[in-house]
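**Q** Right, I'll just put the structure down here and ask away after.
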Amino acid sequence: MVSKNQSPVLKLSKPTLSLIYLTLLILISSCATPVAPTGGELDRSGPILVTTNPINATTNFTGDEIRFTFDDFVDRNSFRNAFNVEPDIDLDFDIKWRRKTAIIKFNESLPDSTTLIFSIGNELRDTRSNRLSTPINLAISTGDIIDSQKVTFRILPSQPGILVTEPRIFLYREPVDLTLPAFYTGGADTSGVVRFNYLSEGEYRAILVHDINRNRIWDRDREFAQPFENASFNINEIDTNEVQIFNYAKRDTLSPTIQGIGLLDDSRLRIRFSKAIKYDPENSIDFVSSDSIPFTAIHLYNDPREDFVSYFHSMNPLNDDATYQVISSNISDNLNNRLRLSNTLFDGSSAADTTTFRYVGAINTADLLPDDTLSIRYNKIITDPNVIDSLKIYVNRSEAKGQFNVSLSNNILLIHPNNEWIQADAYEIKTWDPSIAAFRDLRPTIINDLDLGEFQILISDSTLTDLPLTVRLYNRRNQLIINQAFQNEILLKQIPKGSYHLSIFYDPDLSGQWDFGQVDPFQSPSFMYIDRNFPIRSRMTSELILE
């Protein structure tokens with residue numbers, strides 16, 4: 001019996017509790033959004049296709065849906081962006097999901113006796129944002145025969161750091177109408193290979209496009225495009241086992257501009273640009289005050305966390321009783337587009353410097369030559385003598401600061417050996433970083449003449465004889481180490497051994513710009529040779545003959 005001062009208590013048996021618990025688990029699991037399991041090592045591999053229904057190269061297909069099943073849960077929005085139907089027949093369809101399986105349901109009948117390719121580009125990601133490494137193609141035919149022609153392209157970038165998976169190759173059937181969607185489109189895998197299989201016979205035209213709109217139509221006002229070396233080709237006449245090279249120059253002629261200037265104190269400037277600029281200690285920006293006094297600010301460093309932000313230091317205080325205007329600069333971006341100036345005005349400041357003095361990074365600790373200078377950057381002009389006094393230099397674990405000439409240049413600490421860096425010695429440099437109240441430990445690597453090689457370029461192709469050419473060589477850190485014009489032959493010396501990105505191109509006016517041609521009206525690209533893994537061997541002369 002329950003008293004008036006007590007609340008009723010519901011008592012459940014153990015079997016009843018177990019049933020409720022199981023029911024709750026089922027409800028929760030049925031409502032949950034599929035996600036990849038957590039724990040263990042970080043998975044960096046992209047989604048992998050397990051099965052398709054129907055299988056590839058199916059003929060006489062009469063179904064109203066196709067299915068792709070993956071090994072892991074995928075980002076469903078990325079699937080919609082990555083999925084395409086080739087050729088473009090304006091097919092109406094819906095995408096539904098059953099756990100790891102994408103179901104493409106057709107809302108209309110497929111055309112008779114037609115080969116269709118359902119492609120998934122590398123925009124596809126899994127739930128950990130890992131991209132698909134190689135595009136997927138599922139080909140079916142609604143007739144007895146499936147088209148069997150094919151062509152393979154390889155996109156070769158003119159310089160390292162350019163994403164070959166960014167552009168797409170558009171294939172048009174002759175007669176070509178560039179205002180209409182491309183007949184076929186294809187994206188590259190991470191090695192730059194674009195495969196077109198199951199093509200119909202005929203004459204084709206290929207162009208490379210940054211398809212920003214994702215609509216298979218080249219928007220000539222907004223989207224970069226460049227032509228293949230031939231205006232057109234017959235799919236029946238090309239060697240299907242030969243890869244067609246599509247040299248690619250992501251031509252960026254857009255100059256950086258200043259979007260905003262803020263002062264951290266009366267001398268240090270935080271400048272936001274429209275794009276990343278190239279760091280150079282010789283960079284400077286000139287201002288003039290409202291009372292016509294000139295000022296110059298030098299480049300301290302680029303913000304490692306914000307690509308478009310850089311820091312500068314005015315050699316004289318920018319007082320808060322004046323307004324300043326940018327009047328000149330020698331700044332450029334990484335493609336040598338010079339800064340475009342506009343009427344940029346900003347106010348001075350009387351704020352005190354409250355920024356902690358800190359280490360930014362070493363400019364060059366790898367592959368130092370015997371006579372090189374090691375450069376270490378800080379975030380502000382170095383005025384504290386303790387930066388040098390606290391510096392510790394060890395050679396083979398013995399303190400050896402006296403064997404080096406240590407000096408300052410604005411915000412850079414310079415370390416140069418009195419004689420030479422010696423490859424057989426082990427160096428350790430400890431520089432104080434007040435921001436963490438600890439030493440930064442640097443261990444430079446040294447190379448000598450035994451680690452250097454050279455290479456010679458010889459032109460035997462009669463069409464290139466006596467033509468002005470430019471050779472460029474980039475190291476594995478994407479740094480341009482050789483940029484030189486030549487004719488017929490050239491010998492390049494004192495190059496550290498390793499693998500390099502090499503490009504050679506026709507450069508009639510020595511502008512340093514490769515002419516990649518014109519899509520409409522068609523103009524063929526000029527000569528370009530690219531090797532993404534050109535070897536330089538120590539104490540040897542590598543030879544490249546263009547014939």
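To be explicit about the labels: the chains of the structure tokens are called A, B, and onward in the order shown, and within each one the residues are counted from 1, while ligands get numbers from 1 in the order they are shown.
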Write out as a list in words each polymer residue whose atoms come within 10 Å of Arg338 in chain A, counting only C-alpha atoms; drop sequence neighbours fewer than 3 positions from it.

**A**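 Within the cut-off, the hits are Thr253, Leu254, Ser255, Pro256, Thr257, Ile277, Ser329, Asn330, Ile331, Ser332, Asp333, Asn334, Leu335 and Leu341 of chain A.
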
**Q** Using only C-alpha atoms, determine which residues lie at most 8 Å from Leu502 in chain A, disregarding the query and same-chain residues fewer than 2 positions distant; provide the list as a PyMOL selection string.

**A** chain A and resi 159+471-474+500+504+530-534

**Q** Generate the output file for the selected residues, C-alpha atoms, as an mmCIF file, in the first residue's frame.

**A**
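Resulting contents of again_26.cif:
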```cif
data_model
loop_
_atom_site.group_PDB
_atom_site.id
_atom_site.type_symbol
_atom_site.label_atom_id
_atom_site.label_comp_id
_atom_site.auth_asym_id
_atom_site.auth_seq_id
_atom_site.Cartn_x
_atom_site.Cartn_y
_atom_site.Cartn_z
ATOM 1 C CA GLN A 159 56.177 23.609 -62.870
ATOM 2 C CA VAL A 471 65.364 25.928 -69.264
ATOM 3 C CA ARG A 472 63.959 25.763 -65.736
ATOM 4 C CA LEU A 473 64.918 23.379 -62.969
ATOM 5 C CA TYR A 474 62.970 23.017 -59.707
ATOM 6 C CA TYR A 500 64.286 17.583 -60.334
ATOM 7 C CA ILE A 504 62.356 23.539 -71.562
ATOM 8 C CA ILE A 530 58.738 18.431 -69.376
ATOM 9 C CA ASP A 531 60.370 15.791 -67.194
ATOM 10 C CA ARG A 532 58.964 15.604 -63.662
ATOM 11 C CA ASN A 533 61.774 13.347 -62.394
ATOM 12 C CA PHE A 534 64.972 14.417 -64.100
#
```

**Q** Nearest residue to Lys278 in chain A out of A:Lys380, A:Leu300, A:Ile140, A:Asn411, using only C-alpha atoms?

**A**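 Checking each candidate against Lys278 in chain A, we get A:Leu300 as the closest.
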
**Q** With distances taken over only C-alpha atoms, which residue among A:Ile136, A:Leu442, A:Ile66, A:Leu163 lies nearest Lys105 in chain A?

**A** A:Ile66

**Q** Step one, run DSSP on the backbone; step two, keep only residues of range 229-342 of chain A assigned to strand (DSSP E or B); then write them as a PyMOL selection string.

**A** chain A and resi 233-234+244-248+258-263+268-273+277+284-289+294-302+309-314+323-329+332-333+338

**Q** Would you export the selected residues with C-alpha atoms as a PDB file, in the first residue's frame, please?

**A**
```
ATOM      1  CA  PHE A 233      42.346  13.918 -84.245  1.00  0.00           C
ATOM      2  CA  ASN A 234      40.611  10.821 -85.599  1.00  0.00           C
ATOM      3  CA  GLN A 244      49.048  11.676 -75.558  1.00  0.00           C
ATOM      4  CA  ILE A 245      50.978  14.388 -73.706  1.00  0.00           C
ATOM      5  CA  PHE A 246      49.011  17.446 -72.634  1.00  0.00           C
ATOM      6  CA  ASN A 247      51.494  20.040 -71.349  1.00  0.00           C
ATOM      7  CA  TYR A 248      49.770  22.263 -68.847  1.00  0.00           C
ATOM      8  CA  ILE A 258      46.774  45.022 -51.213  1.00  0.00           C
ATOM      9  CA  GLN A 259      43.451  44.348 -49.516  1.00  0.00           C
ATOM     10  CA  GLY A 260      44.213  45.889 -46.156  1.00  0.00           C
ATOM     11  CA  ILE A 261      46.982  47.272 -43.953  1.00  0.00           C
ATOM     12  CA  GLY A 262      46.939  47.202 -40.180  1.00  0.00           C
ATOM     13  CA  LEU A 263      49.586  48.415 -37.749  1.00  0.00           C
ATOM     14  CA  ARG A 268      55.209  46.860 -37.808  1.00  0.00           C
ATOM     15  CA  LEU A 269      52.605  46.356 -40.522  1.00  0.00           C
ATOM     16  CA  ARG A 270      50.313  43.402 -41.104  1.00  0.00           C
ATOM     17  CA  ILE A 271      49.340  43.433 -44.788  1.00  0.00           C
ATOM     18  CA  ARG A 272      46.703  41.246 -46.389  1.00  0.00           C
ATOM     19  CA  PHE A 273      47.142  40.643 -50.109  1.00  0.00           C
ATOM     20  CA  ILE A 277      53.377  36.878 -52.330  1.00  0.00           C
ATOM     21  CA  SER A 284      60.050  46.604 -49.763  1.00  0.00           C
ATOM     22  CA  ILE A 285      57.038  48.895 -49.907  1.00  0.00           C
ATOM     23  CA  ASP A 286      57.327  52.678 -50.197  1.00  0.00           C
ATOM     24  CA  PHE A 287      54.803  55.048 -48.613  1.00  0.00           C
ATOM     25  CA  VAL A 288      54.338  58.776 -48.467  1.00  0.00           C
ATOM     26  CA  SER A 289      52.696  60.543 -45.528  1.00  0.00           C
ATOM     27  CA  PRO A 294      58.671  59.261 -47.661  1.00  0.00           C
ATOM     28  CA  PHE A 295      58.791  55.970 -45.754  1.00  0.00           C
ATOM     29  CA  THR A 296      60.027  52.477 -46.606  1.00  0.00           C
ATOM     30  CA  ALA A 297      58.960  49.173 -45.059  1.00  0.00           C
ATOM     31  CA  ILE A 298      60.960  45.952 -45.460  1.00  0.00           C
ATOM     32  CA  HIS A 299      59.607  42.405 -45.714  1.00  0.00           C
ATOM     33  CA  LEU A 300      59.909  40.453 -42.446  1.00  0.00           C
ATOM     34  CA  TYR A 301      58.138  37.176 -43.240  1.00  0.00           C
ATOM     35  CA  ASN A 302      54.964  35.574 -44.584  1.00  0.00           C
ATOM     36  CA  VAL A 309      49.160  37.719 -44.965  1.00  0.00           C
ATOM     37  CA  SER A 310      52.681  39.140 -44.697  1.00  0.00           C
ATOM     38  CA  TYR A 311      54.482  41.275 -42.151  1.00  0.00           C
ATOM     39  CA  PHE A 312      56.617  44.341 -42.838  1.00  0.00           C
ATOM     40  CA  HIS A 313      58.632  46.820 -40.777  1.00  0.00           C
ATOM     41  CA  SER A 314      58.839  50.550 -41.423  1.00  0.00           C
ATOM     42  CA  THR A 323      47.736  59.229 -43.129  1.00  0.00           C
ATOM     43  CA  TYR A 324      49.927  57.180 -45.454  1.00  0.00           C
ATOM     44  CA  GLN A 325      49.627  56.097 -49.077  1.00  0.00           C
ATOM     45  CA  VAL A 326      51.428  53.243 -50.829  1.00  0.00           C
ATOM     46  CA  ILE A 327      53.319  54.615 -53.833  1.00  0.00           C
ATOM     47  CA  SER A 328      55.668  51.846 -55.029  1.00  0.00           C
ATOM     48  CA  SER A 329      56.875  48.302 -54.374  1.00  0.00           C
ATOM     49  CA  SER A 332      55.626  39.919 -56.767  1.00  0.00           C
ATOM     50  CA  ASP A 333      53.775  36.628 -56.337  1.00  0.00           C
ATOM     51  CA  ARG A 338      54.190  42.275 -59.842  1.00  0.00           C
TER      52      ARG A 338
END
```
